[in-house]
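Heads up, the thing below is written out as structure tokens.
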Amino acid sequence: MTQSLALDRLASIMAALRHPQSGCPWDLAQDFDTIAPYTIEEAYEVAGAIALRDMAELKKELGDLLFQVVFHSRLAEEAGHFALADVVTGLCEKMERRHPHIFGDGTRAADAAAQKDEWERIKAAERAAAGAPEQPVSALDGVATALPALMRAEKLQARAALAGFEWAEVSGVRAKLDEELAEFDTATDDANRTEEMGDVLFVLANLARRHNIDPETALRAGNAKFERRFRAMEALAGPGFASLPIGAQEDYWQQVKAAERR
């Protein structure tokens, strides 16, 4: 089956699921708001399959994510806004517009980093063209509010950097981290501590970005490492692990770390 026919088949299945008389009761009961959490979940499951390098699982999860696009497009079509074909056409036009070095007469960038900068400049020009006089265009426009907080922090900082709001040296970010940690240490109540911890995490995201580290990816790896080591400690200690004093638990932690290094 060709790609075009396969996509047409998927759109037809979605239409049948949403048929007012013969459709699936669950699918008919959904709207944009109820489907959105599933869309986010499927995107994370795609990332999980990639992290495991499980290509069979990745194929399945990409299908689930694609179905989310088709579902939202069907809801929009029923409401008279747009259809799946409009989504695909809009995407094609955007990719061609944002890659003038491939589809136009633009000059090819020297490397991937320079091309990313050019991509952001093109996006900024698009946002400016779409701006309204009563709504001044900001360099931060278009950074989705629903992103995970750490990921959004990195994207906000990258946008600000394009506008020139950036420490000249990474040492400035490190000094800012020390400053924010000191402010956290002197916070006097829960609300103030929460605010200062937000500032600490925001600066940490910036520090990661300045070292070309994706903070979301780094934290996922840190979570996975902690989980792996904690489970290994539990296995070493047996059922009584939770009742051990912290010193004994730390001994098991060091054993696990040493075993990983061997």
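Just remember, in the structure tokens the first chain shown is A, the second B, etc., residues are 1-based per chain, and ligands are 1-based in the order shown.
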Per DSSP on the backbone, what are the helix (DSSP H, G or I) residues of stretch 101-258 of chain A, as a PyMOL selection string? chain A and resi 101-103+112-130+149-162+170-185+190-210+215-243+246-258
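With distances restricted to only C-alpha atoms, A:Met233 is the closest residue to A:Lys257 from A:Met233, A:Leu91, A:Ala128, A:Ala76.
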Calculated over only C-alpha atoms, which of the candidates A:Leu162, A:Ala125, A:Ile13, A:Ala175 has the smallest distance to A:Asp27? A:Ile13
Report as a list in words all protein, DNA and RNA residues lying within 10 Å of A:Leu66, evaluated on only C-alpha atoms, omitting residues in the same chain fewer than 3 positions from it. Leu7, Leu10, Thr39, Glu42, Ala43, Lys60, Glu61, Leu62, Gly63, Val69, Val70 and Phe71 of chain A
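Among the candidate residues A:Glu227, A:Asp86, A:Glu154, A:Asp190, the one lying nearest to A:Leu204 is A:Glu154, with distances computed using only C-alpha atoms.
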Just want the 9 Å neighbourhood of stretch 33-36 of chain A, counted on only C-alpha atoms, with same-chain residues fewer than 5 positions away dropped. Output as a PDB file with all heavy atoms, in the first residue's frame.
ATOM      1  N   GLU A  41       1.027  11.920  26.259  1.00  0.00           N
ATOM      2  CA  GLU A  41       1.484  10.601  26.705  1.00  0.00           C
ATOM      3  C   GLU A  41       2.129   9.822  25.562  1.00  0.00           C
ATOM      4  O   GLU A  41       3.183   9.201  25.730  1.00  0.00           O
ATOM      5  CB  GLU A  41       0.302   9.820  27.275  1.00  0.00           C
ATOM      6  CG  GLU A  41       0.657   8.423  27.755  1.00  0.00           C
ATOM      7  CD  GLU A  41      -0.556   7.660  28.281  1.00  0.00           C
ATOM      8  OE1 GLU A  41      -1.581   8.300  28.605  1.00  0.00           O
ATOM      9  OE2 GLU A  41      -0.481   6.421  28.364  1.00  0.00           O
ATOM     10  N   GLN A  68      -3.116  10.327  17.039  1.00  0.00           N
ATOM     11  CA  GLN A  68      -3.514  11.523  17.780  1.00  0.00           C
ATOM     12  C   GLN A  68      -3.674  12.717  16.836  1.00  0.00           C
ATOM     13  O   GLN A  68      -4.611  13.511  16.969  1.00  0.00           O
ATOM     14  CB  GLN A  68      -2.477  11.850  18.859  1.00  0.00           C
ATOM     15  CG  GLN A  68      -2.330  10.789  19.929  1.00  0.00           C
ATOM     16  CD  GLN A  68      -3.622  10.579  20.703  1.00  0.00           C
ATOM     17  OE1 GLN A  68      -4.211  11.525  21.202  1.00  0.00           O
ATOM     18  NE2 GLN A  68      -4.059   9.340  20.788  1.00  0.00           N
ATOM     19  N   PHE A  71      -6.864  12.205  14.982  1.00  0.00           N
ATOM     20  CA  PHE A  71      -8.021  12.420  15.849  1.00  0.00           C
ATOM     21  C   PHE A  71      -8.308  13.912  15.992  1.00  0.00           C
ATOM     22  O   PHE A  71      -9.443  14.379  15.796  1.00  0.00           O
ATOM     23  CB  PHE A  71      -7.763  11.799  17.228  1.00  0.00           C
ATOM     24  CG  PHE A  71      -9.005  11.401  17.970  1.00  0.00           C
ATOM     25  CD1 PHE A  71      -9.060  10.200  18.673  1.00  0.00           C
ATOM     26  CD2 PHE A  71     -10.124  12.217  18.000  1.00  0.00           C
ATOM     27  CE1 PHE A  71     -10.201   9.817  19.361  1.00  0.00           C
ATOM     28  CE2 PHE A  71     -11.269  11.840  18.693  1.00  0.00           C
ATOM     29  CZ  PHE A  71     -11.304  10.643  19.373  1.00  0.00           C
ATOM     30  N   HIS A  72      -7.284  14.689  16.316  1.00  0.00           N
ATOM     31  CA  HIS A  72      -7.474  16.139  16.464  1.00  0.00           C
ATOM     32  C   HIS A  72      -7.937  16.758  15.142  1.00  0.00           C
ATOM     33  O   HIS A  72      -8.790  17.660  15.138  1.00  0.00           O
ATOM     34  CB  HIS A  72      -6.171  16.798  16.913  1.00  0.00           C
ATOM     35  CG  HIS A  72      -5.856  16.583  18.363  1.00  0.00           C
ATOM     36  ND1 HIS A  72      -6.569  17.169  19.384  1.00  0.00           N
ATOM     37  CD2 HIS A  72      -4.892  15.846  18.965  1.00  0.00           C
ATOM     38  CE1 HIS A  72      -6.062  16.809  20.548  1.00  0.00           C
ATOM     39  NE2 HIS A  72      -5.045  16.005  20.321  1.00  0.00           N
TER      40      HIS A  72
END
Contacts of stretch 245-250 of chain A within 12 Å, only C-alpha atoms, excl. fewer than 2 positions in-chain, as a ChimeraX atom specification: /A:229-230,232-238,240-243,252-257
Could you write out that same residue set with all heavy atoms as a short mmCIF file (atom, residue, chain, number, x, y, z; two decimals), in the first residue's frame?
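Full text of result-v7.cif as output:
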data_model
loop_
_atom_site.label_atom_id
_atom_site.label_comp_id
_atom_site.auth_asym_id
_atom_site.auth_seq_id
_atom_site.Cartn_x
_atom_site.Cartn_y
_atom_site.Cartn_z
N ARG A 229 20.03 2.10 40.20
CA ARG A 229 20.87 1.88 41.38
C ARG A 229 20.04 1.56 42.62
O ARG A 229 20.44 0.73 43.44
CB ARG A 229 21.74 3.11 41.63
CG ARG A 229 22.84 3.28 40.60
CD ARG A 229 23.66 4.54 40.83
NE ARG A 229 24.79 4.63 39.91
CZ ARG A 229 25.63 5.66 39.86
NH1 ARG A 229 25.49 6.67 40.71
NH2 ARG A 229 26.62 5.67 39.00
N PHE A 230 18.89 2.21 42.75
CA PHE A 230 18.06 1.96 43.92
C PHE A 230 17.53 0.53 43.90
O PHE A 230 17.53 -0.16 44.94
CB PHE A 230 16.89 2.96 43.97
CG PHE A 230 16.15 2.96 45.27
CD1 PHE A 230 16.56 3.77 46.32
CD2 PHE A 230 15.06 2.12 45.47
CE1 PHE A 230 15.89 3.75 47.53
CE2 PHE A 230 14.39 2.10 46.68
CZ PHE A 230 14.81 2.92 47.71
N ALA A 232 18.93 -1.97 42.47
CA ALA A 232 20.06 -2.85 42.74
C ALA A 232 20.37 -2.90 44.23
O ALA A 232 20.70 -3.97 44.78
CB ALA A 232 21.29 -2.37 41.97
N MET A 233 20.24 -1.77 44.94
CA MET A 233 20.43 -1.75 46.40
C MET A 233 19.40 -2.65 47.08
O MET A 233 19.74 -3.43 47.99
CB MET A 233 20.27 -0.32 46.94
CG MET A 233 21.44 0.59 46.70
SD MET A 233 21.33 2.04 47.78
CE MET A 233 19.73 2.70 47.38
N GLU A 234 18.15 -2.51 46.67
CA GLU A 234 17.09 -3.33 47.26
C GLU A 234 17.38 -4.82 47.06
O GLU A 234 17.15 -5.63 47.97
CB GLU A 234 15.75 -2.97 46.64
CG GLU A 234 15.22 -1.60 47.03
CD GLU A 234 13.92 -1.27 46.34
OE1 GLU A 234 13.83 -1.50 45.11
OE2 GLU A 234 12.99 -0.78 47.01
N ALA A 235 17.87 -5.16 45.86
CA ALA A 235 18.17 -6.56 45.57
C ALA A 235 19.31 -7.07 46.44
O ALA A 235 19.28 -8.22 46.92
CB ALA A 235 18.50 -6.72 44.09
N LEU A 236 20.32 -6.23 46.66
CA LEU A 236 21.46 -6.63 47.49
C LEU A 236 21.05 -6.81 48.95
O LEU A 236 21.46 -7.76 49.62
CB LEU A 236 22.57 -5.58 47.41
CG LEU A 236 23.49 -5.63 46.19
CD1 LEU A 236 24.44 -4.44 46.21
CD2 LEU A 236 24.29 -6.94 46.16
N ALA A 237 20.25 -5.89 49.46
CA ALA A 237 19.91 -5.89 50.88
C ALA A 237 18.79 -6.86 51.22
O ALA A 237 18.70 -7.32 52.37
CB ALA A 237 19.51 -4.47 51.31
N GLY A 238 17.94 -7.14 50.28
CA GLY A 238 16.83 -8.03 50.57
C GLY A 238 15.64 -7.28 51.18
O GLY A 238 15.61 -6.05 51.21
N GLY A 240 14.71 -6.42 54.02
CA GLY A 240 14.88 -5.51 55.15
C GLY A 240 15.50 -4.17 54.80
O GLY A 240 15.86 -3.40 55.70
N PHE A 241 15.63 -3.85 53.51
CA PHE A 241 16.32 -2.63 53.12
C PHE A 241 15.71 -1.38 53.76
O PHE A 241 16.43 -0.52 54.27
CB PHE A 241 16.30 -2.48 51.59
CG PHE A 241 16.89 -1.19 51.10
CD1 PHE A 241 18.26 -1.02 51.06
CD2 PHE A 241 16.08 -0.13 50.69
CE1 PHE A 241 18.82 0.17 50.62
CE2 PHE A 241 16.62 1.05 50.25
CZ PHE A 241 17.99 1.21 50.21
N ALA A 242 14.39 -1.27 53.73
CA ALA A 242 13.73 -0.05 54.21
C ALA A 242 13.96 0.20 55.70
O ALA A 242 13.88 1.34 56.16
CB ALA A 242 12.22 -0.11 53.93
N SER A 243 14.26 -0.86 56.45
CA SER A 243 14.46 -0.71 57.90
C SER A 243 15.91 -0.42 58.28
O SER A 243 16.21 -0.17 59.45
CB SER A 243 13.99 -1.97 58.62
OG SER A 243 14.77 -3.10 58.21
N TYR A 252 25.35 0.23 50.72
CA TYR A 252 24.85 -0.52 49.56
C TYR A 252 24.91 0.33 48.29
O TYR A 252 25.23 -0.16 47.21
CB TYR A 252 23.41 -0.98 49.80
CG TYR A 252 23.31 -2.22 50.66
CD1 TYR A 252 22.74 -2.16 51.93
CD2 TYR A 252 23.78 -3.44 50.19
CE1 TYR A 252 22.66 -3.30 52.72
CE2 TYR A 252 23.70 -4.59 50.97
CZ TYR A 252 23.13 -4.51 52.24
OH TYR A 252 23.05 -5.64 53.02
N TRP A 253 24.60 1.63 48.43
CA TRP A 253 24.65 2.54 47.28
C TRP A 253 26.06 2.57 46.69
O TRP A 253 26.24 2.51 45.46
CB TRP A 253 24.22 3.94 47.72
CG TRP A 253 24.28 4.98 46.63
CD1 TRP A 253 25.31 5.83 46.36
CD2 TRP A 253 23.24 5.28 45.69
NE1 TRP A 253 24.99 6.65 45.30
CE2 TRP A 253 23.73 6.34 44.87
CE3 TRP A 253 21.96 4.79 45.46
CZ2 TRP A 253 22.96 6.90 43.84
CZ3 TRP A 253 21.21 5.33 44.43
CH2 TRP A 253 21.71 6.37 43.64
N GLN A 254 27.08 2.66 47.57
CA GLN A 254 28.46 2.70 47.10
C GLN A 254 28.87 1.39 46.45
O GLN A 254 29.65 1.37 45.49
CB GLN A 254 29.39 3.05 48.26
CG GLN A 254 29.20 4.46 48.82
CD GLN A 254 29.40 5.55 47.77
OE1 GLN A 254 30.20 5.39 46.85
NE2 GLN A 254 28.65 6.64 47.91
N GLN A 255 28.35 0.27 46.99
CA GLN A 255 28.63 -1.03 46.37
C GLN A 255 28.09 -1.09 44.95
O GLN A 255 28.75 -1.59 44.03
CB GLN A 255 28.01 -2.15 47.21
CG GLN A 255 28.69 -2.42 48.54
CD GLN A 255 27.99 -3.55 49.29
OE1 GLN A 255 27.72 -4.60 48.73
NE2 GLN A 255 27.71 -3.33 50.57
N VAL A 256 26.87 -0.58 44.78
CA VAL A 256 26.24 -0.60 43.45
C VAL A 256 27.04 0.28 42.48
O VAL A 256 27.30 -0.10 41.34
CB VAL A 256 24.77 -0.13 43.55
CG1 VAL A 256 24.20 0.13 42.17
CG2 VAL A 256 23.94 -1.17 44.29
N LYS A 257 27.44 1.47 42.95
CA LYS A 257 28.22 2.35 42.09
C LYS A 257 29.54 1.70 41.70
O LYS A 257 29.96 1.79 40.54
CB LYS A 257 28.49 3.68 42.82
CG LYS A 257 27.30 4.62 42.90
CD LYS A 257 27.66 5.91 43.61
CE LYS A 257 28.72 6.70 42.89
NZ LYS A 257 29.00 8.00 43.56
#
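Contact shell of A:Leu156 at 12 Å (only C-alpha atoms; same-chain neighbours under 2 positions omitted): A:Ser138, A:Ala139, A:Leu140, A:Asp141, A:Gly142, A:Val143, A:Ala144, A:Thr145, A:Leu147, A:Ala149, A:Leu150, A:Met151, A:Arg152, A:Ala153, A:Glu154, A:Ala158, A:Arg159, A:Ala160, A:Ala161, A:Leu162, A:Ala163, A:Phe165, A:Glu166, A:Phe202, A:Val203, A:Ala205, A:Asn206, A:Arg209.
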